[in-house]
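A short write-up of the structure that comes next.
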Amino acid sequence: MTRRCFVGLLPATFATALTVGAIDVGQIGAAQEAERRFMHSVEEYMTLRRQIEQQLPPFTMTVDVQEIQRATKTQAAAIRRTRAGARVGDVFNAGVTELFRVRIRDAFAGRGHDAVELIHQMNEDGARWHPAVVNGRFSWKTAAATPPYVLAVLPTLPGELQYRFVGPDLVLVDIVANFIIDILPDALAVEPSDGAR
């Protein structure tokens, strides 16, 4: 009798395991697709960037800071005109936004670090950070280095691009043009008072 009952439970148990497994596989597949779409959007930006570079006067290596700044501003202005309709989430798609938030917060928790420390670093020199704006200028004055344990859980970017934090938000930055490509809001888990502008 006992044996018969045990055998009778097997199909149901097996079916439950398959269902749980299917959910996990589905979640993994959705995460992979979101990340694939993110990287595709990154490559689309890089293609656009290369096209714009070909239309601009070639950059000449120089130690003249003003000349470098002029070239940078010219490039950023050209990108801004071409991406005039860009909005938050164009590159950080909805699926990858939640995925990256979880990864970033787990990375901080796993190392025992407090995201508030990073916020404080942005204000160390007395200059307050300001909210990031898509197609806006990126300010290095209030920039804090992105921790390596955060970079380790995010996809690798082309050399011209970086992940940076502006307050609690993760931004995708064109470091050559000092240009904000997209924003992932509230990537860091901080209280409103800790992330206050």
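In the structure tokens, the first chain shown is A, the next is B, and so on; residue numbers restart at 1 for each chain, and ligands run from 1 in the order shown.
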
So that each row is one residue of range 127-148 of chain A with an atom at most 9 Å from range 63-83 of chain A, can you give its shortest atom pair and the distance in Å to one decimal, using only C-alpha atoms, rows by chain and rising number, as a Markdown table?
```
| residue | atom | partner | partner_atom | distance |
| --- | --- | --- | --- | --- |
| A:Asn135 | CA | A:Arg80 | CA | 5.7 |
| A:Gly136 | CA | A:Arg80 | CA | 8.1 |
| A:Arg137 | CA | A:Ala76 | CA | 8.2 |
```

Test item, helix (DSSP H, G or I) assignment across range 69-158 of chain A, answer as a PyMOL selection string = chain A and resi 69-82+94-111+115-122+148-151

Restricting it to N, CA and C atoms, dump the selection as a compact mmCIF listing (two decimals), in the first residue's frame.
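And here is the file that came out, selection-v4.txt:
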```txt
# COMPACT_ATOMS: atom_id res chain seq x y z
N GLN A 69 38.77 70.51 -26.57
CA GLN A 69 37.41 70.80 -26.10
C GLN A 69 36.49 71.18 -27.24
N ARG A 70 37.01 71.96 -28.20
CA ARG A 70 36.21 72.34 -29.37
C ARG A 70 35.81 71.11 -30.18
N ALA A 71 36.77 70.23 -30.39
CA ALA A 71 36.49 69.01 -31.16
C ALA A 71 35.47 68.14 -30.45
N THR A 72 35.61 68.04 -29.13
CA THR A 72 34.68 67.24 -28.33
C THR A 72 33.27 67.81 -28.39
N LYS A 73 33.16 69.13 -28.25
CA LYS A 73 31.85 69.78 -28.30
C LYS A 73 31.22 69.65 -29.67
N THR A 74 32.03 69.74 -30.72
CA THR A 74 31.52 69.60 -32.09
C THR A 74 30.95 68.20 -32.30
N GLN A 75 31.69 67.21 -31.82
CA GLN A 75 31.23 65.83 -31.96
C GLN A 75 29.94 65.60 -31.17
N ALA A 76 29.91 66.08 -29.92
CA ALA A 76 28.72 65.90 -29.09
C ALA A 76 27.51 66.59 -29.70
N ALA A 77 27.71 67.79 -30.25
CA ALA A 77 26.61 68.53 -30.87
C ALA A 77 26.05 67.78 -32.07
N ALA A 78 26.95 67.18 -32.86
CA ALA A 78 26.51 66.42 -34.03
C ALA A 78 25.72 65.18 -33.62
N ILE A 79 26.19 64.50 -32.58
CA ILE A 79 25.48 63.32 -32.08
C ILE A 79 24.12 63.73 -31.52
N ARG A 80 24.11 64.85 -30.79
CA ARG A 80 22.86 65.33 -30.18
C ARG A 80 21.82 65.65 -31.26
N ARG A 81 22.25 66.29 -32.33
CA ARG A 81 21.30 66.61 -33.42
C ARG A 81 20.75 65.34 -34.04
N THR A 82 21.61 64.36 -34.25
CA THR A 82 21.19 63.12 -34.90
C THR A 82 20.26 62.31 -33.99
N ALA A 94 13.47 47.91 -21.14
CA ALA A 94 12.74 47.60 -19.90
C ALA A 94 13.24 46.30 -19.25
N GLY A 95 13.50 45.28 -20.05
CA GLY A 95 13.95 44.00 -19.50
C GLY A 95 15.31 44.09 -18.86
N VAL A 96 16.22 44.78 -19.51
CA VAL A 96 17.59 44.86 -19.00
C VAL A 96 17.68 45.83 -17.81
N THR A 97 16.76 46.78 -17.74
CA THR A 97 16.75 47.72 -16.62
C THR A 97 16.60 46.99 -15.30
N GLU A 98 15.60 46.14 -15.21
CA GLU A 98 15.39 45.40 -13.96
C GLU A 98 16.50 44.40 -13.71
N LEU A 99 16.97 43.78 -14.77
CA LEU A 99 18.07 42.81 -14.66
C LEU A 99 19.32 43.47 -14.11
N PHE A 100 19.68 44.63 -14.64
CA PHE A 100 20.89 45.33 -14.19
C PHE A 100 20.72 45.86 -12.77
N ARG A 101 19.52 46.34 -12.42
CA ARG A 101 19.29 46.80 -11.04
C ARG A 101 19.59 45.68 -10.05
N VAL A 102 19.05 44.50 -10.34
CA VAL A 102 19.26 43.36 -9.44
C VAL A 102 20.75 43.01 -9.36
N ARG A 103 21.40 42.95 -10.50
CA ARG A 103 22.83 42.60 -10.53
C ARG A 103 23.67 43.62 -9.75
N ILE A 104 23.39 44.90 -9.96
CA ILE A 104 24.16 45.96 -9.30
C ILE A 104 23.95 45.91 -7.78
N ARG A 105 22.71 45.79 -7.37
CA ARG A 105 22.41 45.78 -5.93
C ARG A 105 22.99 44.52 -5.27
N ASP A 106 22.92 43.39 -5.97
CA ASP A 106 23.52 42.17 -5.44
C ASP A 106 25.04 42.30 -5.35
N ALA A 107 25.64 42.99 -6.32
CA ALA A 107 27.10 43.18 -6.31
C ALA A 107 27.53 44.00 -5.10
N PHE A 108 26.78 45.05 -4.79
CA PHE A 108 27.09 45.84 -3.60
C PHE A 108 26.90 45.02 -2.33
N ALA A 109 25.77 44.32 -2.25
CA ALA A 109 25.46 43.53 -1.06
C ALA A 109 26.48 42.41 -0.86
N GLY A 110 26.88 41.79 -1.97
CA GLY A 110 27.82 40.67 -1.90
C GLY A 110 29.19 41.08 -1.41
N ARG A 111 29.56 42.34 -1.63
CA ARG A 111 30.85 42.84 -1.16
C ARG A 111 30.75 43.59 0.16
N ALA A 115 25.85 51.58 -1.02
CA ALA A 115 25.79 52.46 -2.19
C ALA A 115 25.87 53.93 -1.80
N VAL A 116 25.49 54.25 -0.55
CA VAL A 116 25.54 55.64 -0.10
C VAL A 116 26.97 56.18 -0.13
N GLU A 117 27.95 55.31 0.11
CA GLU A 117 29.36 55.72 0.06
C GLU A 117 29.70 56.29 -1.31
N LEU A 118 29.17 55.65 -2.36
CA LEU A 118 29.44 56.11 -3.72
C LEU A 118 28.80 57.48 -3.96
N ILE A 119 27.59 57.67 -3.44
CA ILE A 119 26.91 58.96 -3.57
C ILE A 119 27.75 60.05 -2.92
N HIS A 120 28.30 59.76 -1.74
CA HIS A 120 29.10 60.76 -1.03
C HIS A 120 30.37 61.12 -1.81
N GLN A 121 30.96 60.14 -2.49
CA GLN A 121 32.16 60.40 -3.30
C GLN A 121 31.88 61.43 -4.39
N MET A 122 30.67 61.42 -4.91
CA MET A 122 30.31 62.33 -5.99
C MET A 122 30.29 63.79 -5.52
N PRO A 148 34.80 48.00 -9.61
CA PRO A 148 35.07 46.84 -10.47
C PRO A 148 34.09 45.70 -10.26
N TYR A 149 33.57 45.54 -9.04
CA TYR A 149 32.62 44.45 -8.80
C TYR A 149 31.27 44.73 -9.46
N VAL A 150 31.00 46.01 -9.78
CA VAL A 150 29.80 46.34 -10.56
C VAL A 150 30.06 46.07 -12.04
N LEU A 151 31.21 46.52 -12.53
CA LEU A 151 31.57 46.28 -13.93
C LEU A 151 31.58 44.79 -14.25
```

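Of the residues under consideration (A:Ile180, A:Met39, A:Ala189, A:Val173), A:Ile180 shows the shortest atom-to-atom contact distance to Val134 in chain A when counting only C-alpha atoms.
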
task = Run DSSP on the backbone of this structure and report the residues of range 85-171 of chain A it assigns to strand (DSSP E or B), as a ChimeraX atom specification.
result = /A:137,144,161-166,169-171

Output of the above residues as a PDB file, in the first residue's frame, restricted to C-alpha atoms:
```
ATOM      1  CA  ARG A 137      26.777  66.621 -21.201  1.00  0.00           C
ATOM      2  CA  ALA A 144      32.910  58.565  -9.056  1.00  0.00           C
ATOM      3  CA  LEU A 161      31.787  53.956 -23.740  1.00  0.00           C
ATOM      4  CA  GLN A 162      31.572  53.538 -19.976  1.00  0.00           C
ATOM      5  CA  TYR A 163      29.036  52.855 -17.241  1.00  0.00           C
ATOM      6  CA  ARG A 164      28.994  55.671 -14.694  1.00  0.00           C
ATOM      7  CA  PHE A 165      26.779  56.607 -11.763  1.00  0.00           C
ATOM      8  CA  VAL A 166      25.147  60.008 -11.513  1.00  0.00           C
ATOM      9  CA  ASP A 169      21.236  56.431 -11.633  1.00  0.00           C
ATOM     10  CA  LEU A 170      23.458  54.376 -13.915  1.00  0.00           C
ATOM     11  CA  VAL A 171      24.331  56.234 -17.097  1.00  0.00           C
TER      12      VAL A 171
END
```

ask   = What separation in Å, quoted to one decimal, exists between CA of Thr47 in chain A and CA of Gly159 in chain A?
value = 13.8 Å

request  = Excluding Pro158 in chain A and residues on its chain fewer than 4 positions from it, collect all residues at most 10 Å away from it, counting only C-alpha atoms, and give them as a PyMOL selection string.
outcome  = chain A and resi 42-43+46+162+174

ask   = So what do you get for CA of Phe138 in chain A versus CA of Phe179 in chain A, distance-wise?
value = 5.4 Å

remark   = Across A:His113, A:Arg49, A:Arg36, A:His130, the smallest distance to Phe92 in chain A, with only C-alpha atoms counted, is shown by A:Arg36
